[in-house]
Every structure is written in structure tokens, then in C-alpha cells.
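Single-structure report; data block below.
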2 protein chains.
Amino acid sequence: MSRVLVTGATGFIGNRTLEPLLAAGYEVHALARREVRVPEVSAHPVDLVRDPAATRSLLEELAPDALLHLAWYAEPGRFWTAPENLSWVGASLGLLRAFAQAGGRRVVMAGTCAEYDWSHELAREHDTPLTPSTLYGAAKNATRLVSESFAAQEGLSLAWGRVFFLYGPGEHEARLVPSVARSLLAGQPARTTAGTQVRDFMHVADVARAFAELLDSDVTGAVNIASGNPRALRELIEAVGRASGRLELLELGALAERPGEPDRLIADARRLRDEVGFVPSMDLEQGVAETVRWWSEQPLPPVG
Amino acid sequence: MSRVLVTGATGFIGNRTLEPLLAAGYEVHALARREVRVPEVSAHPVDLVRDPAATRSLLEELAPDALLHLAWYAEPGRFWTAPENLSWVGASLGLLRAFAQAGGRRVVMAGTCAEYDWSHELAREHDTPLTPSTLYGAAKNATRLVSESFAAQEGLSLAWGRVFFLYGPGEHEARLVPSVARSLLAGQPARTTAGTQVRDFMHVADVARAFAELLDSDVTGAVNIASGNPRALRELIEAVGRASGRLELLELGALAERPGEPDRLIADARRLRDEVGFVPSMDLEQGVAETVRWWSEQPLPPVG
């Protein structure tokens, strides 16, 4: 049985990778500072950034065959520019080095669509320029460059999953889908931008399963973790409206667009589909309906 | 008076930056694990890689205006592929973050010609592709990408000096100039390759002074630290032969070329000359003569 260590295992994506990895037959170890609610998973409370020595000891002791590295600084809004991005470059490379030293063979790390030059509409793994405009994108891109060079040299098999736009149950409340859903579910109007931007949206459960399947494949290099089905942001918002049964409370266009947002950012998802063989379980309407149902079961928020 | 912190201050380049920085009027602090032999310089024995907390404390306490970051893993031969390169990415970014947090304004970091794609003969800062073929090159390039993004965001002034091929007194004995010089000075034959490769060589004292002048300028971005005067490797070797007075003991072509070495790697040195205003103090012949004189004053080696 192959042993995998998952970092960020209690995070938005990470906590949904555990079941698919168990189902694929892995012995799953989670590196997480909070409680992991899957009994078959062994949790190890190690702080990757603050305690590199403990990270090295754990890797030496576990000697995992595979590593799924999802942990990163993820505070909504702040993560684009946070100086913590610098620490996560170092922590990620230290983890990779310790993993290789402990005899690990297969690595998947989480990248981001923010590595691409967003002046190009189509993000393709092998030919869209990688000139990130944010510190977050630059830090992820730099981590990839060193990791790929190190993996090639050491004979590690490494894939780099670039995450696009995701949503799902348990997303941070400050983000778009939760804030719209919670307003509508509370019977309050939800004011949004016109939502003309076209993006690639994927339900977090599909994103997580895509990571698990990528890890379990022998595909290497960058792979877009995306649906390949571009939709306007307003379609996502309207799907929330319909799923809440309160479409009439939506005020699309009430807020001004944020400057600097590209009109279209479309993922080429053929590597994920054709090489990894991943098939999403939900389209946008199904995924949003499932998400809104989850929010409807949470305590109602105080909406201002 | 401006306060500068120099890392790698006892290294091959670093120890020659201290005098020019003092001469330019800086209060010079050295981050070094060994003794710094310049009395006007305050030394701080901090281990950048192993003790990030001590690094942060030192930066907070000193609050330097400027940072000259030269420290890196430099073991001859090993440094191209050493996993220590991964640790130095993290250590360098941690240092930069601490410097910014302590109010620092001006940074110069040492990069390398190995960041360039060596299939291009001419290495120009702004248009030669940056696709390093070694882990060392990838690690330096990645450090630059994150550092430049962070500096732009935080309003730091940052320059990145790309070092080419250097030589000089005190170079590691395993390297070309010392090994040839010491053989010839001992009256032993020196066997070398044919040395047809064309490179940009610079005496380490000039490299160091170029870094000091770059720091003291307001030039930002990548700057080749190079003479702009391409020479064949055999010219360097023959200069060692002449300076030793034992040209006849040279056996050029006795060793096979190392595979994978590019024929020509030439630096565009115009930014350093025209924007920084740097003028080398020695040409190749003068620099080699000075270096061989220094080796002639060292105890003779046992040559096998």
C-alpha cells in the first residue's frame, strides 16, 4: 500500500482529498494543525513554516511514497500580496527536499492560474507565458521552477496542479458565493457586479478529486485543474439566485467592476481530461445547487 | 550615514566588498559565521539558513538602510546540484522579508549567469531567455522572481547582479586558476582542456567593487556583473602560464572538454558600465598576474 502525506489537509481543498485518496487505496497521513475528521487518516500537527526541523523529522519517520502539497497562506483578500507568500516558498521547498531525502517518489503540488500572464485569454500549460502580476502568483511560479528542476535532477515524478476558480460548501464567508447565498437565504438583497468576466469554475469536491487522481497518475509537469467549461461570472451568481429560490433579490450590476480584472480567463483542461482521465461529477448548476443547499443548513448569518 | 548589511561577508566576493563600501561612506555590518578581518566592520555571527529567528532579530535590531546579499551555498562542483540550493531560496526570501519589515530601502542580491539559457551566446539582461539548466540557476532565478515581485509591491529598490566567471587570490584550490598556477609554480606540468570556450572573466576584486557601486547606485533590475570583454578560456590559462614564468609546462588539450559546455557565453556589460558607471581596474593579463603573484606567496602545495 502506498503511503501519502497530504499538507493543508484541513483546508478547503485538502479536506476533500482524503476520501478519494483512501478510496484509491492509499494509507493517508495528514499534515494539519487542526483536527482531521476522517478516522482512517493519521494526523500530524506540524507547522511547515515555523518548524522546519519537525517537518524533516516527520518526513524521515513516515517515509511517504507520495506527497500532495496543498498548504499555503490562504487568507481571503490578503493572500495576493501577503509577505507570508515568501515564507511559503521556503517552507514548500524545505518540505520537498525532506520528502526526497526520505525516499519519496511522487509529488503533486498546488499551483494557481495566477501564474499565467492574464493578458492572454487562454491559459494553456505549455505555451501561455508565465508572468504573474501578483506576489502570490510569483511565489507559486518560483516554487514550481525550483521544484521541477530539483525533481528532474533527483528523479522524482512531479506534477503541478494549477487551480482556477472554485466554490463549494465551507468556503470562507467573505467570498462571492457564500456572501450572495447567505444574503439571499436570509431574504436580503445581494448586490454584485455585472459579472461579465468569463472564468473557469469548478466545485471544490471536483477540484479535490482531480488532485487525488492526478497524484495517482503518472502525469508530470503543469496540469490545469479546471472544468474546461468557461462561464460568465453572472451565470455563477444567477445559479446561486435560482438555487436559493430568490433570483429576484439579486442586484447584478449594482457594484462597479474591480479594475484590473481580465475579461476572459479560460483554462485549457485537456491534460486533466485526456491524460489524467478526470471527469467532473457536477456542472456549474449542480455544483452551485449542492453548495447553496449546504449553506441553507447552516445557522443564518446576521446580514447588514 | 547609510547602514548596510552584507551577507556572505567572508566569502570570495563578499570580503572584498567591505573596503569599497566603507570608502563610499557606509556603516558596514557583516553577517558572517567566520571572523571579518576589517576592524571598521561590525560582524554578526548569524546562520541565515539554520536560524531564521536570529536573522529576524538582527535585522530588527540593526534596521539597515541597505542590504547586499551575497551568501549562498558555494561548495565547488557540488553547488550546481546541491539540495542546499533549496534552503538558500527560503533563507534569502526570509532575509528580504525581514529587511523590508525593518524599514530597509535598497537591496542588491547576487544572481548568476547560470540563470540564462546558455544556448544563446549573448547574455543580455532584458531579452535573453531565462531557462536555467541547473538547480543552482533555477534556485537563483526563482529567488529573483519572488524578490522582484515583493520589492515592486513594497516599494523597495532592488538590483540583481548576475555574476559570470571570476578568479582571484584566495579562490578555492580545486578551481581552474589555482590548480594551474600552483602546479606551474611548483614546477609541475599542468594538464588542461583545449580551452576553446569563450567566456567573460573578471577579477574578484572588480566583481566585488562592481557590487558595491551597484548598491550605491539607484539602478534596479538585473545587471550583468561582467567585463564585457569575451576571451577564450585558453587565453586565461596561457596568462597563468606567462605570469608563472612556466608557459612551457602547460599542456593545453591534454584533457577532454566537459560535455554540455556551451562554446560561447558572452555578457552584455553595458548596464554595469553605462548605468552604474563601473570601470574595471584590471584587464585579464593584469588580473591573472596579480593572482599568480598571490599564489606564489602561499606555501607550496604537494602536487600529485
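Lettering and numbering for the C-alpha cells are positional, with chains as A, B, ... in the shown order, residues counted from 1 in each chain, and ligands counted from 1 in the shown order.
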**OP:** From the DSSP assignment of the backbone, select every residue of stretch 130-242 of chain A that is strand (DSSP E or B), and format the answer as a PyMOL selection string.
**Re:** chain A and resi 157-163+165-167+190-192+198-199+201-203+221-225+231-232
Subject >> Proximal residues of chain A relative to chain B (only C-alpha atoms; 7 Å) as a PyMOL selection string >> reply: chain A and resi 83+86-87+89-90+93-94+97+135+138-139+142+145-146+149-150
How would the residues just picked look written out with all heavy atoms as a compact mmCIF listing (two decimals), in the first residue's frame?
```
# COMPACT_ATOMS: atom_id res chain seq x y z
N PRO A 83 3.20 39.11 2.70
CA PRO A 83 4.61 38.69 2.76
C PRO A 83 4.74 37.23 3.17
O PRO A 83 5.79 36.62 2.93
CB PRO A 83 5.21 39.62 3.82
CG PRO A 83 4.08 40.31 4.49
CD PRO A 83 2.90 40.24 3.59
N LEU A 86 6.33 34.66 0.83
CA LEU A 86 7.78 34.39 0.81
C LEU A 86 8.12 33.21 1.70
O LEU A 86 8.93 32.36 1.34
CB LEU A 86 8.57 35.63 1.23
CG LEU A 86 8.87 36.65 0.13
CD1 LEU A 86 7.62 37.22 -0.49
CD2 LEU A 86 9.78 37.76 0.63
N SER A 87 7.48 33.16 2.87
CA SER A 87 7.76 32.05 3.78
C SER A 87 7.30 30.72 3.20
O SER A 87 7.92 29.68 3.43
CB SER A 87 7.05 32.27 5.12
OG SER A 87 7.38 33.55 5.62
N VAL A 89 7.21 29.84 0.06
CA VAL A 89 8.17 29.32 -0.94
C VAL A 89 9.21 28.47 -0.21
O VAL A 89 9.45 27.31 -0.57
CB VAL A 89 8.87 30.48 -1.69
CG1 VAL A 89 9.93 29.92 -2.64
CG2 VAL A 89 7.87 31.34 -2.43
N GLY A 90 9.81 29.05 0.82
CA GLY A 90 10.85 28.33 1.55
C GLY A 90 10.33 27.07 2.22
O GLY A 90 10.97 26.01 2.16
N LEU A 93 9.75 24.32 -0.41
CA LEU A 93 10.99 23.72 -0.91
C LEU A 93 11.66 22.87 0.16
O LEU A 93 12.24 21.82 -0.13
CB LEU A 93 11.93 24.81 -1.42
CG LEU A 93 11.40 25.60 -2.62
CD1 LEU A 93 12.39 26.71 -3.01
CD2 LEU A 93 11.14 24.69 -3.81
N GLY A 94 11.56 23.31 1.42
CA GLY A 94 12.11 22.51 2.51
C GLY A 94 11.39 21.18 2.64
O GLY A 94 12.00 20.13 2.85
N ARG A 97 12.45 18.91 -0.24
CA ARG A 97 13.80 18.37 0.00
C ARG A 97 13.75 17.23 1.02
O ARG A 97 14.37 16.18 0.82
CB ARG A 97 14.69 19.51 0.49
CG ARG A 97 16.12 19.10 0.67
CD ARG A 97 16.98 20.25 1.17
NE ARG A 97 18.29 19.74 1.56
CZ ARG A 97 19.22 20.43 2.18
NH1 ARG A 97 19.01 21.71 2.47
NH2 ARG A 97 20.37 19.88 2.51
N LEU A 135 2.22 38.97 -6.18
CA LEU A 135 3.23 38.29 -5.38
C LEU A 135 2.86 36.82 -5.18
O LEU A 135 3.72 35.93 -5.24
CB LEU A 135 3.38 38.99 -4.02
CG LEU A 135 4.44 38.40 -3.09
CD1 LEU A 135 5.83 38.45 -3.71
CD2 LEU A 135 4.44 39.14 -1.74
N ALA A 138 3.72 35.02 -8.32
CA ALA A 138 5.18 34.93 -8.47
C ALA A 138 5.76 33.89 -7.52
O ALA A 138 6.66 33.12 -7.89
CB ALA A 138 5.81 36.30 -8.21
N ALA A 139 5.23 33.83 -6.31
CA ALA A 139 5.75 32.89 -5.31
C ALA A 139 5.43 31.44 -5.72
O ALA A 139 6.27 30.54 -5.59
CB ALA A 139 5.15 33.20 -3.94
N ALA A 142 7.64 30.56 -8.77
CA ALA A 142 9.03 30.33 -8.37
C ALA A 142 9.17 28.98 -7.66
O ALA A 142 10.15 28.25 -7.88
CB ALA A 142 9.49 31.47 -7.45
N LEU A 145 9.28 26.40 -10.37
CA LEU A 145 10.52 26.37 -11.14
C LEU A 145 11.60 25.58 -10.40
O LEU A 145 12.29 24.76 -10.99
CB LEU A 145 11.02 27.80 -11.40
CG LEU A 145 10.23 28.56 -12.47
CD1 LEU A 145 10.62 30.04 -12.46
CD2 LEU A 145 10.49 27.96 -13.85
N VAL A 146 11.74 25.85 -9.11
CA VAL A 146 12.77 25.15 -8.35
C VAL A 146 12.37 23.69 -8.15
O VAL A 146 13.20 22.78 -8.28
CB VAL A 146 13.03 25.83 -7.00
CG1 VAL A 146 14.11 25.09 -6.23
CG2 VAL A 146 13.44 27.28 -7.21
N SER A 149 12.96 21.67 -11.33
CA SER A 149 14.39 21.45 -11.56
C SER A 149 14.93 20.39 -10.60
O SER A 149 15.67 19.48 -11.01
CB SER A 149 15.12 22.79 -11.39
OG SER A 149 16.51 22.61 -11.46
N PHE A 150 14.54 20.51 -9.35
CA PHE A 150 15.00 19.56 -8.33
C PHE A 150 14.47 18.15 -8.62
O PHE A 150 15.20 17.16 -8.55
CB PHE A 150 14.53 20.03 -6.95
CG PHE A 150 14.97 19.16 -5.81
CD1 PHE A 150 16.30 19.06 -5.45
CD2 PHE A 150 14.03 18.45 -5.07
CE1 PHE A 150 16.71 18.26 -4.37
CE2 PHE A 150 14.42 17.66 -3.99
CZ PHE A 150 15.77 17.57 -3.64
```
Subject >> Per-residue DSSP, stretch 87-206 of chain A, filtered to alpha helix (DSSP H), as a ChimeraX atom specification >> reply: /A:87-101,135-154,176-185,204-206
**OP:** Find the residues near B:Val46: any atom within 7 Å, counting only C-alpha atoms, skip ones fewer than 5 places away on the same chain, and give them as number ranges by chain.
**Re:** B: 31-33, 54-55
Original post:
To one decimal place, how far is atom CA of B:Glu261 from atom CA of B:Cys113 in Å?
Top reply: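 Calculated distance between atom CA of B:Glu261 and atom CA of B:Cys113 is 13.3 Å.
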**OP:** Go through A:Val240, A:Ala194, A:Val219, A:Leu255 and flag the residue nearest A:Gln286, using only C-alpha atoms for the distances.
**Re:**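 Of all the options, A:Val240 lies closest to A:Gln286.
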Subject >> Selection near B:Arg242, 10 Å with only C-alpha atoms, sequence-local residues under 5 positions removed, as a list in words >> reply: Leu184, Ile237, Leu247, Glu248, Leu250, Glu285, Val288, Ala289 and Val292 of chain B
Expected file contents, prior selection, N, CA and C atoms, as a compact mmCIF listing (two decimals), in the first residue's frame:
```txt
# COMPACT_ATOMS: atom_id res chain seq x y z
N LEU B 184 52.16 24.95 -11.85
CA LEU B 184 53.27 25.60 -12.56
C LEU B 184 54.28 26.18 -11.57
N ILE B 237 44.23 30.60 -19.36
CA ILE B 237 45.21 29.59 -18.93
C ILE B 237 46.63 30.03 -19.34
N LEU B 247 55.29 28.89 -18.92
CA LEU B 247 54.37 28.62 -20.03
C LEU B 247 54.62 27.24 -20.64
N GLU B 248 55.88 26.82 -20.64
CA GLU B 248 56.24 25.56 -21.31
C GLU B 248 55.70 24.34 -20.57
N LEU B 250 52.64 24.08 -19.56
CA LEU B 250 51.20 23.97 -19.85
C LEU B 250 50.95 22.87 -20.88
N GLU B 285 45.09 40.07 -18.26
CA GLU B 285 46.50 39.83 -18.02
C GLU B 285 46.92 40.40 -16.66
N VAL B 288 45.29 38.31 -13.79
CA VAL B 288 45.91 37.00 -13.61
C VAL B 288 47.30 37.16 -13.00
N ALA B 289 48.04 38.17 -13.44
CA ALA B 289 49.38 38.39 -12.88
C ALA B 289 49.29 38.65 -11.38
N VAL B 292 48.45 35.27 -9.67
CA VAL B 292 49.57 34.31 -9.63
C VAL B 292 50.62 34.79 -8.61
```
Original post:
Restricting the calculation to only C-alpha atoms, which member of B:Asp268, B:Asp263, B:Glu238, B:Glu257 is positioned closest to B:Ile225?
Top reply: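 With only C-alpha atoms as the atom set, the closest residue is B:Asp268.
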Original post:
With only C-alpha atoms as the atoms that count, which of B:Gly287, B:Val107, B:Glu125, B:Pro178 lies nearest to B:Gly155?
Top reply: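 Of B:Gly287, B:Val107, B:Glu125, B:Pro178, the one nearest B:Gly155, counting only C-alpha atoms, is B:Val107.
For the pair atom CA of A:Val38 and atom CA of A:Leu156, the interatomic distance is 28.8 Å.
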Subject >> Selection near stretch 65-69 of chain A, 6 Å with only C-alpha atoms, sequence-local residues under 6 positions removed, as a ChimeraX atom specification >> reply: /A:3-7,104-109
**OP:** For A:Glu40, work out the shell of residues within 12 Å, counting only C-alpha atoms and skipping chain neighbours fewer than 4 positions away, then give it as an NGL selection string.
**Re:** :A and (18-19 or 21-23 or 25-30 or 36)
Original post:
atom CA of A:Arg231 to atom CA of A:Trp72: how many Å, to one decimal?
Top reply: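 Pair atom CA of A:Arg231 / atom CA of A:Trp72 returns 27.1 Å.
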